[in-house]
Every structure is written in C-alpha cells, then in structure tokens.
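*Asks:* So here's query35.pdb, just PDB, C-alpha atoms and all ligand atoms:
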MODEL        1
ATOM      1  CA  MET A  23     224.879 139.638  82.187
ATOM      2  CA  LEU A  24     228.253 140.926  83.380
ATOM      3  CA  THR A  25     229.789 144.160  82.119
ATOM      4  CA  VAL A  26     233.392 144.704  83.167
ATOM      5  CA  MET A  27     233.868 148.375  84.063
ATOM      6  CA  ASP A  28     237.413 148.308  85.355
ATOM      7  CA  LYS A  29     240.327 146.022  86.022
ATOM      8  CA  THR A  30     243.205 146.923  88.345
ATOM      9  CA  GLY A  31     246.273 145.168  89.682
ATOM     10  CA  ARG A  32     249.063 143.188  88.168
ATOM     11  CA  HIS A  33     248.641 140.281  85.797
ATOM     12  CA  GLY A  34     250.423 137.272  87.231
ATOM     13  CA  LEU A  35     249.796 138.353  90.848
ATOM     14  CA  ALA A  36     246.299 139.708  91.512
ATOM     15  CA  GLU A  37     243.872 141.497  89.238
ATOM     16  CA  VAL A  38     240.638 142.870  90.635
ATOM     17  CA  TYR A  39     237.689 143.177  88.277
ATOM     18  CA  LEU A  40     234.849 145.626  88.844
ATOM     19  CA  ALA A  41     231.697 144.762  86.904
ATOM     20  CA  SER A  42     228.031 145.598  86.795
ATOM     21  CA  VAL A  43     225.208 143.078  86.380
ATOM     22  CA  ARG A  44     221.746 143.145  84.756
ATOM     23  CA  GLY A  45     222.757 146.161  82.659
ATOM     24  CA  ASP A  46     222.524 148.378  85.739
ATOM     25  CA  PRO A  47     225.678 150.381  86.626
ATOM     26  CA  ASN A  48     224.442 150.610  90.230
ATOM     27  CA  LEU A  49     224.570 146.830  90.681
ATOM     28  CA  LEU A  50     228.274 146.212  91.194
ATOM     29  CA  VAL A  51     230.344 143.114  91.806
ATOM     30  CA  GLU A  52     234.052 142.541  92.100
ATOM     31  CA  PHE A  53     236.082 139.414  91.547
ATOM     32  CA  VAL A  54     239.748 138.499  91.569
ATOM     33  CA  ASP A  55     242.154 136.562  89.376
ATOM     34  CA  ALA A  56     245.186 135.554  91.429
ATOM     35  CA  CYS A  57     248.275 133.361  91.387
ATOM     36  CA  ASP A  58     251.627 133.378  93.136
ATOM     37  CA  PRO A  59     254.589 133.999  90.792
ATOM     38  CA  ASP A  60     256.990 132.643  93.438
ATOM     39  CA  LEU A  61     255.156 129.320  93.587
ATOM     40  CA  GLY A  62     254.986 128.424  89.934
ATOM     41  CA  GLY A  63     252.291 130.898  88.908
ATOM     42  CA  ARG A  64     249.130 129.722  87.214
ATOM     43  CA  ASP A  65     250.705 126.392  86.199
ATOM     44  CA  GLN A  66     250.763 125.353  89.861
ATOM     45  CA  LYS A  67     247.847 127.183  91.412
ATOM     46  CA  TRP A  68     245.237 129.479  89.932
ATOM     47  CA  VAL A  69     242.714 131.149  92.224
ATOM     48  CA  VAL A  70     239.547 132.950  91.228
ATOM     49  CA  ILE A  71     237.684 134.712  94.034
ATOM     50  CA  VAL A  72     234.042 135.487  93.310
ATOM     51  CA  SER A  73     231.297 137.577  94.867
ATOM     52  CA  THR A  74     228.066 135.883  95.835
ATOM     53  CA  GLN A  75     225.981 138.921  96.744
ATOM     54  CA  LEU A  76     225.691 142.577  95.787
ATOM     55  CA  GLY A  77     227.446 143.973  98.842
ATOM     56  CA  CYS A  78     226.875 142.064 102.060
ATOM     57  CA  PRO A  79     224.311 142.175 104.878
ATOM     58  CA  VAL A  80     226.764 140.941 107.521
ATOM     59  CA  ASN A  81     228.619 144.258 107.713
ATOM     60  CA  CYS A  82     231.839 143.082 109.322
ATOM     61  CA  GLN A  83     233.765 145.949 110.862
ATOM     62  CA  MET A  84     236.881 145.280 108.824
ATOM     63  CA  CYS A  85     235.231 144.838 105.415
ATOM     64  CA  ASP A  86     234.201 147.364 102.787
ATOM     65  CA  ALA A  87     231.695 144.950 101.220
ATOM     66  CA  GLY A  88     229.342 145.352 104.170
ATOM     67  CA  ARG A  89     228.759 149.032 103.536
ATOM     68  CA  ARG A  90     225.746 148.337 101.391
ATOM     69  CA  PHE A  91     223.606 145.379 100.389
ATOM     70  CA  GLN A  92     221.442 145.063  97.286
ATOM     71  CA  GLY A  93     220.553 141.371  97.241
ATOM     72  CA  ASN A  94     221.784 138.031  95.951
ATOM     73  CA  LEU A  95     223.552 137.188  92.729
ATOM     74  CA  SER A  96     222.109 134.391  90.607
ATOM     75  CA  ASP A  97     224.055 131.212  89.889
ATOM     76  CA  ALA A  98     224.678 132.464  86.340
ATOM     77  CA  GLU A  99     226.019 135.768  87.651
ATOM     78  CA  ILE A 100     228.393 133.952  89.992
ATOM     79  CA  LEU A 101     229.625 131.623  87.245
ATOM     80  CA  ALA A 102     230.019 134.505  84.806
ATOM     81  CA  GLN A 103     232.778 135.887  87.060
ATOM     82  CA  VAL A 104     234.755 132.647  86.741
ATOM     83  CA  ASP A 105     234.139 132.413  83.004
ATOM     84  CA  ARG A 106     235.301 135.975  82.540
ATOM     85  CA  VAL A 107     238.636 135.348  84.251
ATOM     86  CA  VAL A 108     239.162 132.106  82.361
ATOM     87  CA  ALA A 109     238.413 133.785  79.022
ATOM     88  CA  ALA A 110     240.746 136.701  79.819
ATOM     89  CA  ASN A 111     243.622 134.290  80.377
ATOM     90  CA  GLY A 112     242.881 132.241  77.268
ATOM     91  CA  ARG A 113     243.844 128.996  78.922
ATOM     92  CA  ASP A 114     242.095 125.897  80.137
ATOM     93  CA  PRO A 115     241.975 125.679  83.966
ATOM     94  CA  ALA A 116     242.680 121.951  83.564
ATOM     95  CA  SER A 117     246.269 122.966  82.709
ATOM     96  CA  SER A 118     246.779 124.184  86.291
ATOM     97  CA  ALA A 119     247.742 121.674  88.971
ATOM     98  CA  LYS A 120     245.204 123.389  91.227
ATOM     99  CA  PHE A 121     242.323 125.513  89.991
ATOM    100  CA  LYS A 122     240.541 126.996  93.000
ATOM    101  CA  VAL A 123     237.360 129.017  93.035
ATOM    102  CA  GLN A 124     236.839 130.781  96.330
ATOM    103  CA  PHE A 125     233.365 131.951  97.269
ATOM    104  CA  ALA A 126     234.926 134.582  99.441
ATOM    105  CA  ARG A 127     234.664 138.020  97.920
ATOM    106  CA  MET A 128     231.605 140.258  98.425
ATOM    107  CA  GLY A 129     228.756 138.539 100.197
ATOM    108  CA  GLU A 130     228.025 135.794 102.698
ATOM    109  CA  PRO A 131     227.665 132.606 100.604
ATOM    110  CA  ALA A 132     225.482 130.785 103.137
ATOM    111  CA  LEU A 133     222.798 133.463 102.787
ATOM    112  CA  ASN A 134     222.393 132.792  99.071
ATOM    113  CA  SER A 135     220.860 129.500  97.925
ATOM    114  CA  GLU A 136     222.021 130.219  94.366
ATOM    115  CA  VAL A 137     225.562 129.462  95.540
ATOM    116  CA  LEU A 138     224.611 125.774  95.794
ATOM    117  CA  ARG A 139     223.392 125.737  92.207
ATOM    118  CA  ALA A 140     226.516 127.629  91.116
ATOM    119  CA  LEU A 141     228.703 124.980  92.762
ATOM    120  CA  TRP A 142     226.927 122.228  90.915
ATOM    121  CA  ARG A 143     227.289 123.980  87.572
ATOM    122  CA  LEU A 144     230.900 124.867  88.333
ATOM    123  CA  LYS A 145     231.756 121.184  88.603
ATOM    124  CA  GLU A 146     230.068 120.474  85.267
ATOM    125  CA  ARG A 147     232.019 123.254  83.577
ATOM    126  CA  TYR A 148     235.425 122.804  85.271
ATOM    127  CA  PRO A 149     235.592 119.178  86.466
ATOM    128  CA  GLY A 150     238.925 119.488  88.316
ATOM    129  CA  VAL A 151     237.960 122.607  90.230
ATOM    130  CA  ILE A 152     238.532 122.892  93.992
ATOM    131  CA  PRO A 153     235.926 125.142  95.592
ATOM    132  CA  CYS A 154     236.467 127.001  98.821
ATOM    133  CA  VAL A 155     233.527 128.448 100.726
ATOM    134  CA  ALA A 156     234.287 131.084 103.373
ATOM    135  CA  THR A 157     231.464 131.867 105.760
ATOM    136  CA  VAL A 158     230.788 133.511 109.109
ATOM    137  CA  GLY A 159     228.307 130.672 109.821
ATOM    138  CA  PRO A 160     224.987 132.542 109.813
ATOM    139  CA  ALA A 161     222.255 131.232 112.124
ATOM    140  CA  ASP A 162     219.282 129.242 110.758
ATOM    141  CA  ARG A 163     221.106 127.993 107.636
ATOM    142  CA  ARG A 164     221.410 124.361 108.685
ATOM    143  CA  ARG A 165     219.664 123.125 105.531
ATOM    144  CA  TRP A 166     221.986 125.173 103.350
ATOM    145  CA  PHE A 167     225.002 123.557 105.009
ATOM    146  CA  SER A 168     223.593 120.045 104.704
ATOM    147  CA  THR A 169     223.043 120.555 100.973
ATOM    148  CA  LEU A 170     226.588 121.907 100.748
ATOM    149  CA  LEU A 171     227.826 118.783 102.497
ATOM    150  CA  GLY A 172     226.046 116.660  99.893
ATOM    151  CA  LEU A 173     227.783 118.578  97.110
ATOM    152  CA  ARG A 174     231.218 118.306  98.708
ATOM    153  CA  ASP A 175     231.866 114.761  97.518
ATOM    154  CA  TYR A 176     231.512 115.694  93.861
ATOM    155  CA  PHE A 177     234.822 117.551  94.105
ATOM    156  CA  ARG A 178     238.316 116.079  94.377
ATOM    157  CA  ASP A 179     238.911 118.476  97.253
ATOM    158  CA  PHE A 180     236.701 121.012  98.951
ATOM    159  CA  GLN A 181     237.496 123.650 101.518
ATOM    160  CA  LEU A 182     235.216 125.099 104.126
ATOM    161  CA  GLN A 183     236.417 128.092 106.091
ATOM    162  CA  PHE A 184     234.689 129.637 109.084
ATOM    163  CA  SER A 185     235.571 133.258 109.751
ATOM    164  CA  ILE A 186     235.850 133.406 113.539
ATOM    165  CA  ASN A 187     238.133 136.425 114.194
ATOM    166  CA  SER A 188     237.709 136.334 117.970
ATOM    167  CA  THR A 189     237.333 133.595 120.568
ATOM    168  CA  ASP A 190     235.372 136.032 122.745
ATOM    169  CA  PRO A 191     231.676 135.664 121.751
ATOM    170  CA  ALA A 192     230.801 139.300 122.490
ATOM    171  CA  GLN A 193     233.752 140.558 120.483
ATOM    172  CA  ARG A 194     232.913 138.139 117.666
ATOM    173  CA  ASP A 195     229.412 139.632 117.579
ATOM    174  CA  ARG A 196     230.735 143.176 117.486
ATOM    175  CA  LEU A 197     233.142 142.403 114.653
ATOM    176  CA  MET A 198     230.578 140.429 112.624
ATOM    177  CA  PRO A 199     227.237 141.939 113.639
ATOM    178  CA  TYR A 200     224.849 139.352 112.205
ATOM    179  CA  PRO A 201     223.051 136.389 113.870
ATOM    180  CA  LYS A 202     225.460 133.479 113.784
ATOM    181  CA  MET A 203     225.676 129.865 114.924
ATOM    182  CA  ASP A 204     227.199 129.333 118.342
ATOM    183  CA  TRP A 205     230.466 127.420 118.829
ATOM    184  CA  ARG A 206     228.714 124.106 119.381
ATOM    185  CA  GLU A 207     226.719 124.196 116.160
ATOM    186  CA  LEU A 208     229.638 125.551 114.167
ATOM    187  CA  ALA A 209     231.878 122.756 115.464
ATOM    188  CA  LEU A 210     229.289 120.088 114.623
ATOM    189  CA  ILE A 211     228.819 121.329 111.082
ATOM    190  CA  GLY A 212     232.522 121.886 110.522
ATOM    191  CA  ARG A 213     233.361 118.413 111.794
ATOM    192  CA  SER A 214     230.997 116.870 109.253
ATOM    193  CA  PHE A 215     233.071 118.403 106.437
ATOM    194  CA  TYR A 216     236.302 116.716 107.517
ATOM    195  CA  ARG A 217     237.621 114.061 105.119
ATOM    196  CA  PRO A 218     240.764 112.072 106.033
ATOM    197  CA  GLY A 219     243.754 112.993 103.926
ATOM    198  CA  LEU A 220     242.210 116.195 102.593
ATOM    199  CA  ARG A 221     242.469 119.717 103.922
ATOM    200  CA  LYS A 222     240.707 120.182 107.240
ATOM    201  CA  PRO A 223     237.951 122.765 107.651
ATOM    202  CA  ALA A 224     239.700 125.988 108.614
ATOM    203  CA  LEU A 225     238.965 128.503 111.342
ATOM    204  CA  ASN A 226     239.965 131.906 110.017
ATOM    205  CA  PHE A 227     241.303 134.731 112.141
ATOM    206  CA  ALA A 228     242.393 138.165 111.027
ATOM    207  CA  VAL A 229     244.990 138.679 113.715
ATOM    208  CA  CYS A 230     245.036 141.911 115.606
ATOM    209  CA  GLY A 231     246.483 142.424 119.071
ATOM    210  CA  GLU A 232     243.159 143.709 120.386
ATOM    211  CA  TRP A 233     241.078 140.703 119.349
ATOM    212  CA  GLU A 234     241.076 137.636 121.524
ATOM    213  CA  LEU A 235     242.598 134.504 120.029
ATOM    214  CA  ASP A 236     242.796 132.096 122.949
ATOM    215  CA  ALA A 237     244.220 128.803 121.719
ATOM    216  CA  ALA A 238     243.000 126.863 124.777
ATOM    217  CA  LYS A 239     239.425 128.126 124.378
ATOM    218  CA  LEU A 240     239.452 127.389 120.664
ATOM    219  CA  ALA A 241     240.677 123.832 121.204
ATOM    220  CA  ARG A 242     237.843 123.218 123.686
ATOM    221  CA  TRP A 243     235.217 123.732 121.003
ATOM    222  CA  PHE A 244     237.097 122.829 117.841
ATOM    223  CA  ASP A 245     239.068 119.596 118.033
ATOM    224  CA  PRO A 246     242.453 120.038 116.319
ATOM    225  CA  ARG A 247     242.008 116.555 114.840
ATOM    226  CA  TRP A 248     239.249 117.923 112.596
ATOM    227  CA  PHE A 249     240.061 121.627 112.289
ATOM    228  CA  ALA A 250     242.973 123.727 111.077
ATOM    229  CA  VAL A 251     243.485 127.417 111.778
ATOM    230  CA  LYS A 252     244.262 130.044 109.186
ATOM    231  CA  LEU A 253     245.817 133.320 110.296
ATOM    232  CA  THR A 254     246.019 136.464 108.202
ATOM    233  CA  PRO A 255     247.008 140.002 109.121
ATOM    234  CA  LEU A 256     244.227 142.531 109.484
ATOM    235  CA  ASN A 257     244.301 144.220 106.099
ATOM    236  CA  PRO A 258     243.829 147.961 105.693
ATOM    237  CA  THR A 259     240.345 148.875 104.428
ATOM    238  CA  ALA A 260     238.184 151.992 104.576
ATOM    239  CA  ALA A 261     235.753 150.203 106.909
ATOM    240  CA  ALA A 262     238.552 149.149 109.283
ATOM    241  CA  SER A 263     239.823 152.704 109.398
ATOM    242  CA  ASP A 264     236.331 154.210 109.911
ATOM    243  CA  ASN A 265     235.660 151.714 112.698
ATOM    244  CA  GLY A 266     238.903 152.627 114.418
ATOM    245  CA  LEU A 267     240.502 149.212 113.949
ATOM    246  CA  PRO A 268     244.271 149.164 114.154
ATOM    247  CA  ASP A 269     246.139 148.993 110.865
ATOM    248  CA  ALA A 270     247.771 145.762 111.975
ATOM    249  CA  GLY A 271     248.643 144.603 108.479
ATOM    250  CA  CYS A 272     251.079 147.468 108.085
ATOM    251  CA  ALA A 273     252.520 147.417 111.576
ATOM    252  CA  PRO A 274     256.026 145.993 111.853
ATOM    253  CA  ALA A 275     254.782 143.973 114.833
ATOM    254  CA  ALA A 276     252.145 142.187 112.713
ATOM    255  CA  GLY A 277     254.515 139.426 111.595
ATOM    256  CA  ILE A 278     255.753 138.845 115.150
ATOM    257  CA  LEU A 279     252.173 138.647 116.449
ATOM    258  CA  LEU A 280     251.186 136.172 113.727
ATOM    259  CA  GLU A 281     254.164 133.960 114.506
ATOM    260  CA  ALA A 282     253.458 134.078 118.248
ATOM    261  CA  LYS A 283     249.795 133.109 117.738
ATOM    262  CA  ALA A 284     250.780 130.375 115.272
ATOM    263  CA  GLY A 285     253.128 128.946 117.908
ATOM    264  CA  GLU A 286     250.423 128.921 120.618
ATOM    265  CA  LEU A 287     247.972 127.188 118.277
ATOM    266  CA  SER A 288     250.523 124.614 117.101
ATOM    267  CA  ARG A 289     251.282 123.726 120.696
ATOM    268  CA  ARG A 290     247.556 123.019 121.144
ATOM    269  CA  GLY A 291     247.743 120.585 118.228
ATOM    270  CA  PHE A 292     246.309 122.691 115.413
ATOM    271  CA  ASP A 293     247.679 122.713 111.883
ATOM    272  CA  VAL A 294     248.263 126.405 111.290
ATOM    273  CA  ILE A 295     248.324 128.183 107.947
ATOM    274  CA  VAL A 296     249.796 131.675 108.090
ATOM    275  CA  SER A 297     248.708 133.590 105.022
ATOM    276  CA  VAL A 298     250.403 136.919 104.474
ATOM    277  CA  GLY A 299     249.679 138.373 101.045
ATOM    278  CA  ASP A 300     252.182 140.235  98.921
ATOM    279  CA  PRO A 301     252.286 143.866 100.190
ATOM    280  CA  ALA A 302     251.477 144.849  96.605
ATOM    281  CA  GLU A 303     248.019 143.333  97.122
ATOM    282  CA  ASN A 304     247.179 146.055  99.643
ATOM    283  CA  GLU A 305     248.230 148.656  97.091
ATOM    284  CA  ILE A 306     246.091 146.915  94.473
ATOM    285  CA  GLY A 307     243.196 147.033  96.951
ATOM    286  CA  SER A 308     242.468 143.363  96.653
ATOM    287  CA  ASN A 309     240.579 143.140  99.953
ATOM    288  CA  CYS A 310     236.840 142.486 100.060
ATOM    289  CA  GLY A 311     234.638 145.301  98.798
ATOM    290  CA  GLN A 312     237.490 147.672  98.095
ATOM    291  CA  ALA A 313     237.061 147.892  94.329
ATOM    292  CA  VAL A 314     233.353 148.681  94.579
ATOM    293  CA  TRP A 315     233.871 151.111  97.439
ATOM    294  CA  ARG A 316     236.673 152.920  95.624
ATOM    295  CA  HIS A 317     234.513 153.201  92.522
ATOM    296  CA  LEU A 318     231.590 154.628  94.522
ATOM    297  CA  ALA A 319     233.883 157.106  96.274
ATOM    298  CA  GLY A 320     235.177 158.228  92.857
ATOM    299  CA  VAL A 321     231.637 158.686  91.557
ATOM    300  CA  ALA A 322     230.754 160.732  94.645
ATOM    301  CA  ARG A 323     233.857 162.914  94.214
ATOM    302  CA  GLN A 324     232.865 163.669  90.642
ATOM    303  CA  GLY A 325     229.560 164.989  91.966
ATOM    304  CA  ARG A 326     227.397 162.322  90.404
ATOM    305  CA  GLY A 327     226.279 161.158  93.834
ATOM    306  CA  PRO A 328     226.952 157.717  95.202
ATOM    307  CA  ALA A 329     224.949 154.971  93.602
ATOM    308  CA  GLN A 330     222.539 153.524  96.150
TER     309      GLN A 330
HETATM  310  S1  LIG B 401     233.909 139.826 105.518
HETATM  311 FE1  LIG B 401     232.540 138.566 104.291
HETATM  312  S2  LIG B 401     230.736 138.310 105.592
HETATM  313 FE2  LIG B 401     231.879 140.049 106.440
HETATM  314  S3  LIG B 401     230.971 141.872 105.447
HETATM  315 FE3  LIG B 401     232.744 141.213 104.214
HETATM  316  S4  LIG B 401     231.880 139.934 102.643
HETATM  317 FE4  LIG B 401     230.354 140.087 104.277
ENDMDL
END
Starting from the coordinates I provided, produce the structure as structure tokens.
Ligand code: SF4
*Replies:*
Amino acid sequence: MLTVMDKTGRHGLAEVYLASVRGDPNLLVEFVDACDPDLGGRDQKWVVIVSTQLGCPVNCQMCDAGRRFQGNLSDAEILAQVDRVVAANGRDPASSAKFKVQFARMGEPALNSEVLRALWRLKERYPGVIPCVATVGPADRRRWFSTLLGLRDYFRDFQLQFSINSTDPAQRDRLMPYPKMDWRELALIGRSFYRPGLRKPALNFAVCGEWELDAAKLARWFDPRWFAVKLTPLNPTAAASDNGLPDAGCAPAAGILLEAKAGELSRRGFDVIVSVGDPAENEIGSNCGQAVWRHLAGVARQGRGPAQ
C-alpha cells in the first residue's frame, strides 16, 4: 500500500517521509511527523501532515506540489500515512494532549471525496484526534463542504483553514490558478464551521510585501467574530523561485512585515496567529511538495529521466 522510500529531517522536530503507493515508484506521496521541542514535544502536541492527492491540480505559484498531478489518493492511502508515523514512534497518540492530523500536504482535500471517508475512519482509529483541513475553497464543491460540516461534530475540535494569500481577487487567482469560490460563498461556508469556544475557521496568508493583505477589505467579507487569521512567511520553494516570487521567508524584513500585518488585523478585531517555523524546517525542506520534487530532480540528474 505504502512503501517508504526516504525519510529526512530531525526526529523531535520535523521528519518528512517520501513514499510510493500501489507498488509504483512513480506514484509518490510525502507526509510529515512534527512536534515542537520548545513546547513540550509530542507529549503536548503531535502533528501529522498528510497528502490527499498525488501532486495537486491547483498549481499554486509558491508550491512544489502543483508541478504535477496524478490523481486522488484513496482513504486507505491517506490513513496509511498516519499509521506509518504512529508506528514509527511506537506510542499511542492518546498519550499526547493534542494529536492533530492536518490534511494539508500535497493535494487539495476538497477535490477528493475519499478525504471524507478518511476522516470518518480516522475518528474510529484515533478517537481523540483533532483534524485540520486546509483548502483553497475550490468552486462547485458545496456538497463536499456540507458533508464535511456533518463530520465536524464527531471530533472534540476541528479546524478549517482557507488559504487566501491575497485580498485582491485577481492576484488571488494568479497565485492559486484554479476555479475557486468567491468571498461571499467562502464566508458563508466558513461561518457555518464556527463553534463557540473552539478555534475559529482560519484565513491563511503567506505574507509577502507584494501580495495585498488589506485588513479593512478582509473584515468586510469575513466577520472577525467568526474568523481568525493565520500568517506565515512565504517559504522558499523551487516553484516560488521559478515563478519569481520573493524569498520573503529568508528576508530579515519578513518578521517585521508579519508583525505589522498582525497589528493591522488585530486592530480590525481579528484573532491573529503568526506561525513562523523553525528555520531548520526550511533546510529540511518541509514545505509542500518539496520532498517529491527533490526526489524527482535527483532521479533526473542521475539520467533516469523524471518520472511522469
Ligand atoms: S498549496 Fe495546496 S492547493 Fe496549492 S498547489 Fe500546493 S498542495 Fe495544491
């Protein structure tokens, strides 16, 4: 089902797995085992980030996963990634205060109906799990989101994240070139996921000085009572570099820009989460699609030709 081909990174921080599925070395997935040693490690919070598709059809400009797309993963193939990480650690996820599974690695979860089945089975297998679904909000997936909403209440907590990246619609389309819901529909669906006392649906932005993040515009569509905002630096990837995006994550000004944007958003009433990974994570290559892309580049260099 899942054959691990490589594992890189640092145990106790972030380890990225590269694996093939269906016995075919051309069908590659990557998944991540992560925790924060400064915040109590796996005892406090254990995060597994899984792929939901083989590559991704959305082809975001900053993401290596979008460089090729070979279809959906099955529910069993998604769950096998979680099981593999759990087995490698030899411990029961119930021993962690928070065991999170993020559907946020390669692939757009809302384009794969198997994700819904995987969520259901995940709950059966790991009852205390907290899932997090990160999506660009593809168009024409209203039924998928209403089924997801039905599943939400089976979990003690559940996180929905919309990747927005720009408050300018044309720029948003350039950065994430796939048909998507407009602000109104996104806000309606996101609002339905809000539960008092639990984490609000989050609007995700990779912050870069050239991309519009207008707090006033955002607050017009997304009421800060129901939505939080999550800011991350723009991480260095091959796709970002090929598309001429600034290497904001490495720029000394990145932290200042994040703080400035966080301040503007807070003043508009948003809860703001600023998430800056350990710099070692960039060295590990723990950004979306990087493990697969690096493997393919290595294969090409050795003259075996890139797997298609
Ligand atoms: S960021 Fe997500 S949706 Fe965009 S190409 Fe990468 S995996 Fe796909």
*Asks:* Apply the PyMOL selection byres (((chain A and resi 127) around 9) and not hetatm) to the file shown and report the selected residues as a CSV table (one decimal) with C-alpha atoms, keeping the file's coordinate frame.
*Replies:*
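What landed in part15.csv:
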chain,number,residue,atom,x,y,z
A,52,GLU,CA,234.1,142.5,92.1
A,53,PHE,CA,236.1,139.4,91.5
A,54,VAL,CA,239.7,138.5,91.6
A,71,ILE,CA,237.7,134.7,94.0
A,72,VAL,CA,234.0,135.5,93.3
A,73,SER,CA,231.3,137.6,94.9
A,74,THR,CA,228.1,135.9,95.8
A,75,GLN,CA,226.0,138.9,96.7
A,87,ALA,CA,231.7,145.0,101.2
A,124,GLN,CA,236.8,130.8,96.3
A,125,PHE,CA,233.4,132.0,97.3
A,126,ALA,CA,234.9,134.6,99.4
A,128,MET,CA,231.6,140.3,98.4
A,129,GLY,CA,228.8,138.5,100.2
A,130,GLU,CA,228.0,135.8,102.7
A,156,ALA,CA,234.3,131.1,103.4
A,309,ASN,CA,240.6,143.1,100.0
A,310,CYS,CA,236.8,142.5,100.1
A,311,GLY,CA,234.6,145.3,98.8
*Asks:* With a distance cut-off of 12 Å and only C-alpha atoms, select the neighbouring residues of Val296 in chain A, excluding the residue or stretch itself and same-chain residues fewer than 4 positions from it, and output the selection as a tab-separated table (two decimals) with C-alpha atoms, in the frame of the given file.
*Replies:*
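Saved file selection11.tsv follows:
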chain	number	residue	atom	x	y	z
A	224	ALA	CA	239.70	125.99	108.61
A	225	LEU	CA	238.96	128.50	111.34
A	226	ASN	CA	239.96	131.91	110.02
A	227	PHE	CA	241.30	134.73	112.14
A	228	ALA	CA	242.39	138.16	111.03
A	229	VAL	CA	244.99	138.68	113.72
A	250	ALA	CA	242.97	123.73	111.08
A	251	VAL	CA	243.48	127.42	111.78
A	252	LYS	CA	244.26	130.04	109.19
A	253	LEU	CA	245.82	133.32	110.30
A	254	THR	CA	246.02	136.46	108.20
A	255	PRO	CA	247.01	140.00	109.12
A	276	ALA	CA	252.14	142.19	112.71
A	277	GLY	CA	254.52	139.43	111.60
A	278	ILE	CA	255.75	138.84	115.15
A	279	LEU	CA	252.17	138.65	116.45
A	280	LEU	CA	251.19	136.17	113.73
A	281	GLU	CA	254.16	133.96	114.51
A	282	ALA	CA	253.46	134.08	118.25
A	283	LYS	CA	249.80	133.11	117.74
A	284	ALA	CA	250.78	130.38	115.27
A	285	GLY	CA	253.13	128.95	117.91
A	287	LEU	CA	247.97	127.19	118.28
A	288	SER	CA	250.52	124.61	117.10
*Asks:* Taking into account only C-alpha atoms and all ligand atoms, which residue in the set A:Leu173, A:Met84, A:Ala262, A:Val314 is nearest to ligand LIG 401 (chain B)?
*Replies:*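 Of the candidates, the smallest distance to ligand LIG 401 (chain B) is held by A:Met84.
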*Asks:* Looking at A:Val158, A:Leu24, A:Val51, A:Val43, which one is nearest to ligand LIG 401 (chain B), with distances taken over all atoms listed in the file?
*Replies:*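 Nearest to ligand LIG 401 (chain B): A:Val158.
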*Asks:* Find the smallest box with edges along x, y and z containing every listed atom of ligand LIG 401 (chain B), then add 5 Å on each side and report centre and edge lengths in Å to one decimal, as lines of an AutoDock Vina configuration file.
*Replies:*
center_x = 232.1
center_y = 140.1
center_z = 104.5
size_x = 13.6
size_y = 13.6
size_z = 13.8
*Asks:* Please enumerate the residues selected by the PyMOL selection byres (((chain A and resi 100) around 8) and not hetatm) when evaluated against the supplied file, formatted as a list in words.
*Replies:*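 Checking the PyMOL selection byres (((chain A and resi 100) around 8) and not hetatm) against this file, the residues are Val72, Ser73, Thr74, Leu95, Ser96, Asp97, Ala98, Glu99, Leu101, Ala102, Gln103, Val104, Val137 and Ala140 of chain A.
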*Asks:* Which residue out of A:Gln83, A:Ser42, A:Ser117, A:Thr157 has the minimum interatomic distance to Arg194 in chain A when only C-alpha atoms are used?
*Replies:* A:Gln83
*Asks:* Contacts of Leu171 in chain A at 12 Å or less, counting all atoms listed in the file, minus same-chain residues fewer than 2 places along, as a PyMOL selection string?
*Replies:* chain A and resi 138+141+155+164-169+173-177+180-182+211-217
*Asks:* Would you please work out which residue, of A:Ser263, A:Thr30, A:Gln312, A:Thr189, is nearest to ligand LIG 401 (chain B) when using all atoms listed in the file?
*Replies:*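 Among the listed residues, A:Gln312 lies closest to ligand LIG 401 (chain B).
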*Asks:* Need the shell around Cys57 in chain A: protein/DNA/RNA residues with any atom at most 6 Å away, counting all atoms listed in the file. Skip same-chain ones fewer than 6 positions apart. Format as a tab-separated table (two decimals) with C-alpha atoms, in the coordinates of the input?
*Replies:*
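Done, and the output landed in result-v1.tsv:
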chain	number	residue	atom	x	y	z
A	35	LEU	CA	249.80	138.35	90.85
A	63	GLY	CA	252.29	130.90	88.91
A	64	ARG	CA	249.13	129.72	87.21
A	68	TRP	CA	245.24	129.48	89.93
*Asks:* Would you fill out range 312-321 of chain A with N, CA, C and O atoms and return it as a PDB file, keeping the file's coordinate frame?
*Replies:*
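Generated output (part.pdb):
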ATOM      1  N   GLN A 312     236.718 146.450  98.334  1.00  0.00           N
ATOM      2  CA  GLN A 312     237.490 147.672  98.095  1.00  0.00           C
ATOM      3  C   GLN A 312     237.297 148.240  96.707  1.00  0.00           C
ATOM      4  O   GLN A 312     237.253 149.461  96.535  1.00  0.00           O
ATOM      5  N   ALA A 313     237.190 147.385  95.701  1.00  0.00           N
ATOM      6  CA  ALA A 313     237.061 147.892  94.329  1.00  0.00           C
ATOM      7  C   ALA A 313     235.741 148.630  94.169  1.00  0.00           C
ATOM      8  O   ALA A 313     235.687 149.728  93.606  1.00  0.00           O
ATOM      9  N   VAL A 314     234.665 148.040  94.686  1.00  0.00           N
ATOM     10  CA  VAL A 314     233.353 148.681  94.579  1.00  0.00           C
ATOM     11  C   VAL A 314     233.351 149.986  95.375  1.00  0.00           C
ATOM     12  O   VAL A 314     232.903 151.030  94.901  1.00  0.00           O
ATOM     13  N   TRP A 315     233.904 149.926  96.585  1.00  0.00           N
ATOM     14  CA  TRP A 315     233.871 151.111  97.439  1.00  0.00           C
ATOM     15  C   TRP A 315     234.686 152.250  96.829  1.00  0.00           C
ATOM     16  O   TRP A 315     234.283 153.409  96.831  1.00  0.00           O
ATOM     17  N   ARG A 316     235.831 151.904  96.257  1.00  0.00           N
ATOM     18  CA  ARG A 316     236.673 152.920  95.624  1.00  0.00           C
ATOM     19  C   ARG A 316     235.956 153.542  94.430  1.00  0.00           C
ATOM     20  O   ARG A 316     235.992 154.745  94.212  1.00  0.00           O
ATOM     21  N   HIS A 317     235.261 152.696  93.670  1.00  0.00           N
ATOM     22  CA  HIS A 317     234.513 153.201  92.522  1.00  0.00           C
ATOM     23  C   HIS A 317     233.419 154.163  92.987  1.00  0.00           C
ATOM     24  O   HIS A 317     233.260 155.252  92.432  1.00  0.00           O
ATOM     25  N   LEU A 318     232.679 153.781  94.028  1.00  0.00           N
ATOM     26  CA  LEU A 318     231.590 154.628  94.522  1.00  0.00           C
ATOM     27  C   LEU A 318     232.130 155.952  95.062  1.00  0.00           C
ATOM     28  O   LEU A 318     231.543 157.008  94.850  1.00  0.00           O
ATOM     29  N   ALA A 319     233.284 155.874  95.743  1.00  0.00           N
ATOM     30  CA  ALA A 319     233.883 157.106  96.274  1.00  0.00           C
ATOM     31  C   ALA A 319     234.274 158.021  95.122  1.00  0.00           C
ATOM     32  O   ALA A 319     234.088 159.247  95.179  1.00  0.00           O
ATOM     33  N   GLY A 320     234.793 157.443  94.025  1.00  0.00           N
ATOM     34  CA  GLY A 320     235.177 158.228  92.857  1.00  0.00           C
ATOM     35  C   GLY A 320     233.967 158.884  92.215  1.00  0.00           C
ATOM     36  O   GLY A 320     233.994 160.057  91.843  1.00  0.00           O
ATOM     37  N   VAL A 321     232.876 158.141  92.125  1.00  0.00           N
ATOM     38  CA  VAL A 321     231.637 158.686  91.557  1.00  0.00           C
ATOM     39  C   VAL A 321     231.151 159.849  92.408  1.00  0.00           C
ATOM     40  O   VAL A 321     230.768 160.911  91.899  1.00  0.00           O
TER      41      VAL A 321
END
